[in-house]
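Visitor: model_7.pdb is reproduced in full below (PDB, C-alpha atoms, pLDDT in the B column).
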ATOM      1  CA  MET Y   1      65.078   4.141 -50.182  1.00 79.00           C
ATOM      2  CA  CYS Y   2      61.441   4.910 -49.352  1.00 86.00           C
ATOM      3  CA  ARG Y   3      60.256   8.394 -48.592  1.00 89.00           C
ATOM      4  CA  MET Y   4      57.897   9.248 -45.754  1.00 91.00           C
ATOM      5  CA  LEU Y   5      55.172  11.833 -46.047  1.00 89.00           C
ATOM      6  CA  ILE Y   6      54.241  13.277 -42.654  1.00 93.00           C
ATOM      7  CA  LEU Y   7      50.766  14.794 -42.357  1.00 93.00           C
ATOM      8  CA  SER Y   8      48.536  16.277 -39.706  1.00 93.00           C
ATOM      9  CA  ARG Y   9      44.882  15.330 -40.082  1.00 95.00           C
ATOM     10  CA  LYS Y  10      41.716  16.120 -38.145  1.00 96.00           C
ATOM     11  CA  VAL Y  11      38.705  13.879 -37.531  1.00 97.00           C
ATOM     12  CA  GLY Y  12      36.762  13.447 -40.762  1.00 97.00           C
ATOM     13  CA  GLN Y  13      39.742  14.272 -42.960  1.00 97.00           C
ATOM     14  CA  SER Y  14      41.295  11.666 -45.213  1.00 97.00           C
ATOM     15  CA  LEU Y  15      44.139  10.997 -47.588  1.00 95.00           C
ATOM     16  CA  SER Y  16      44.386   9.003 -50.782  1.00 96.00           C
ATOM     17  CA  ILE Y  17      46.978   6.509 -51.912  1.00 94.00           C
ATOM     18  CA  GLY Y  18      46.660   6.112 -55.633  1.00 94.00           C
ATOM     19  CA  LYS Y  19      43.123   5.993 -56.971  1.00 94.00           C
ATOM     20  CA  ASP Y  20      41.966   2.935 -55.003  1.00 95.00           C
ATOM     21  CA  ILE Y  21      42.955   3.509 -51.366  1.00 96.00           C
ATOM     22  CA  THR Y  22      41.521   6.069 -48.952  1.00 97.00           C
ATOM     23  CA  ILE Y  23      42.531   6.434 -45.323  1.00 96.00           C
ATOM     24  CA  LYS Y  24      40.150   8.413 -43.106  1.00 97.00           C
ATOM     25  CA  ILE Y  25      40.614   9.639 -39.548  1.00 97.00           C
ATOM     26  CA  LEU Y  26      37.457   8.531 -37.725  1.00 97.00           C
ATOM     27  CA  GLU Y  27      38.148   9.440 -34.120  1.00 97.00           C
ATOM     28  CA  ILE Y  28      40.895  10.796 -31.892  1.00 95.00           C
ATOM     29  CA  GLU Y  29      40.683  10.025 -28.192  1.00 95.00           C
ATOM     30  CA  GLY Y  30      43.717  10.783 -26.047  1.00 95.00           C
ATOM     31  CA  ASP Y  31      46.723   9.072 -27.594  1.00 95.00           C
ATOM     32  CA  ARG Y  32      44.608   6.745 -29.765  1.00 95.00           C
ATOM     33  CA  VAL Y  33      43.550   7.403 -33.331  1.00 95.00           C
ATOM     34  CA  GLN Y  34      40.836   5.372 -35.035  1.00 97.00           C
ATOM     35  CA  VAL Y  35      41.598   5.018 -38.740  1.00 96.00           C
ATOM     36  CA  GLY Y  36      39.345   3.684 -41.493  1.00 97.00           C
ATOM     37  CA  ILE Y  37      40.892   2.207 -44.629  1.00 97.00           C
ATOM     38  CA  GLU Y  38      38.991   1.752 -47.880  1.00 97.00           C
ATOM     39  CA  ALA Y  39      40.819  -0.522 -50.317  1.00 96.00           C
ATOM     40  CA  PRO Y  40      39.888  -3.061 -52.992  1.00 96.00           C
ATOM     41  CA  LYS Y  41      38.759  -6.403 -51.528  1.00 94.00           C
ATOM     42  CA  GLU Y  42      41.600  -8.253 -53.230  1.00 95.00           C
ATOM     43  CA  MET Y  43      44.175  -6.100 -51.403  1.00 93.00           C
ATOM     44  CA  LYS Y  44      45.205  -7.353 -47.966  1.00 90.00           C
ATOM     45  CA  VAL Y  45      45.353  -4.688 -45.277  1.00 92.00           C
ATOM     46  CA  LEU Y  46      47.089  -5.883 -42.115  1.00 91.00           C
ATOM     47  CA  ARG Y  47      48.386  -4.275 -38.944  1.00 92.00           C
ATOM     48  CA  THR Y  48      52.200  -4.240 -39.107  1.00 91.00           C
ATOM     49  CA  GLU Y  49      52.591  -6.411 -36.008  1.00 94.00           C
ATOM     50  CA  LEU Y  50      50.296  -9.065 -37.519  1.00 93.00           C
ATOM     51  CA  TYR Y  51      52.113  -8.902 -40.872  1.00 89.00           C
ATOM     52  CA  GLU Y  52      55.471  -9.366 -39.108  1.00 91.00           C
ATOM     53  CA  GLU Y  53      54.097 -12.314 -37.113  1.00 91.00           C
ATOM     54  CA  ILE Y  54      52.806 -14.017 -40.271  1.00 91.00           C
ATOM     55  CA  THR Y  55      56.036 -13.488 -42.195  1.00 88.00           C
ATOM     56  CA  GLY Y  56      58.043 -14.779 -39.219  1.00 87.00           C
ATOM     57  CA  GLU Y  57      55.915 -17.926 -39.059  1.00 87.00           C
ATOM     58  CA  ASN Y  58      56.329 -18.407 -42.800  1.00 85.00           C
ATOM     59  CA  ARG Y  59      60.109 -18.142 -42.459  1.00 83.00           C
ATOM     60  CA  GLN Y  60      60.053 -20.743 -39.673  1.00 83.00           C
ATOM     61  CA  ALA Y  61      57.900 -23.040 -41.803  1.00 80.00           C
ATOM     62  CA  VAL Y  62      60.475 -23.172 -44.589  1.00 79.00           C
ATOM     63  CA  LYS Y  63      63.261 -24.099 -42.148  1.00 80.00           C
ATOM     64  CA  VAL Y  64      62.495 -27.799 -42.249  1.00 73.00           C
ATOM     65  CA  PRO Y  65      65.446 -30.175 -41.788  1.00 77.00           C
ATOM     66  CA  ASP Y  66      66.502 -32.051 -44.952  1.00 76.00           C
ATOM     67  CA  ASP Y  67      65.862 -35.468 -43.406  1.00 78.00           C
ATOM     68  CA  ILE Y  68      62.208 -34.597 -42.812  1.00 75.00           C
ATOM     69  CA  VAL Y  69      61.799 -33.325 -46.363  1.00 71.00           C
ATOM     70  CA  LYS Y  70      63.408 -36.493 -47.748  1.00 77.00           C
ATOM     71  CA  SER Y  71      61.069 -38.663 -45.679  1.00 81.00           C
ATOM     72  CA  LEU Y  72      58.058 -36.940 -47.273  1.00 78.00           C
ATOM     73  CA  LYS Y  73      59.017 -37.798 -50.850  1.00 67.00           C
ATOM     74  CA  ILE Y  74      56.765 -40.376 -52.429  1.00 58.00           C
TER      75      ILE Y  74
END
Mind turning this structure into structure tokens?
Guide:
Amino acid sequence: MCRMLILSRKVGQSLSIGKDITIKILEIEGDRVQVGIEAPKEMKVLRTELYEEITGENRQAVKVPDDIVKSLKI
């Protein structure tokens, strides 16, 4: 099971994940927090809702009926 670290941060403060990822609090306005993420270019950083949408679409894409797959064989 994963563990969760809960932190309080102020604007300008940051946290590190490993040696390659830094998350910085850029702005807090009301109930919104603007976060900056520095990570290697080869690492994808996605909002969770976008990640879930993509993985859902990928799951749908592999649910192709057998008859369609058979018709594609050359």
Visitor: What would the selection look like, as a list in words, if the PyMOL selection byres ((chain Y and resi 37) around 6) were run on the coordinates I just shared?
Guide: Thr22, Ile23, Gly36 and Glu38 of chain Y
Visitor: Once you add 6 Å to each side, what are the centre and edge lengths of the axis-aligned box holding all listed atoms of stretch 14-20 of chain Y? One decimal in Å, as lines of an AutoDock Vina configuration file, if you can.
Guide:
center_x = 44.1
center_y = 7.3
center_z = -51.1
size_x = 17.7
size_y = 20.7
size_z = 23.8
Visitor: Please compute the atom CA of Y:Lys24-atom CA of Y:Val11 distance, one decimal, in Å.
Guide: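 So the two atoms, atom CA of Y:Lys24 and atom CA of Y:Val11, lie 7.9 Å apart.
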Visitor: If I take atom CA of Y:Ser16 and atom CA of Y:Gly30, how far is one from the other in Å, to one decimal?
Guide: 24.8 Å
Visitor: So how far away is atom CA of Y:Ile17 from atom CA of Y:Cys2, in Å?
Guide: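 Atom-to-atom, atom CA of Y:Cys2 and atom CA of Y:Ile17 are spaced 14.8 Å apart.
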Visitor: I'd like to know which of Y:Gln60, Y:Lys19, Y:Ile54, Y:Arg9 is closest to Y:Val35, using all atoms listed in the file.
Guide: Y:Arg9
Visitor: Measuring between all atoms listed in the file, which one of Y:Ala61, Y:Glu27, Y:Ile21, Y:Arg3 shows the shortest distance to Y:Met43?
Guide: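 Comparing Y:Ala61, Y:Glu27, Y:Ile21, Y:Arg3 against Y:Met43, the winner is Y:Ile21.
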Visitor: What would the list of residues within 10 Å of (44.4, -1.9, -38.0) (file frame) look like as a PyMOL selection string, if all atoms listed in the file are what count?
Guide: chain Y and resi 34-37+45-50
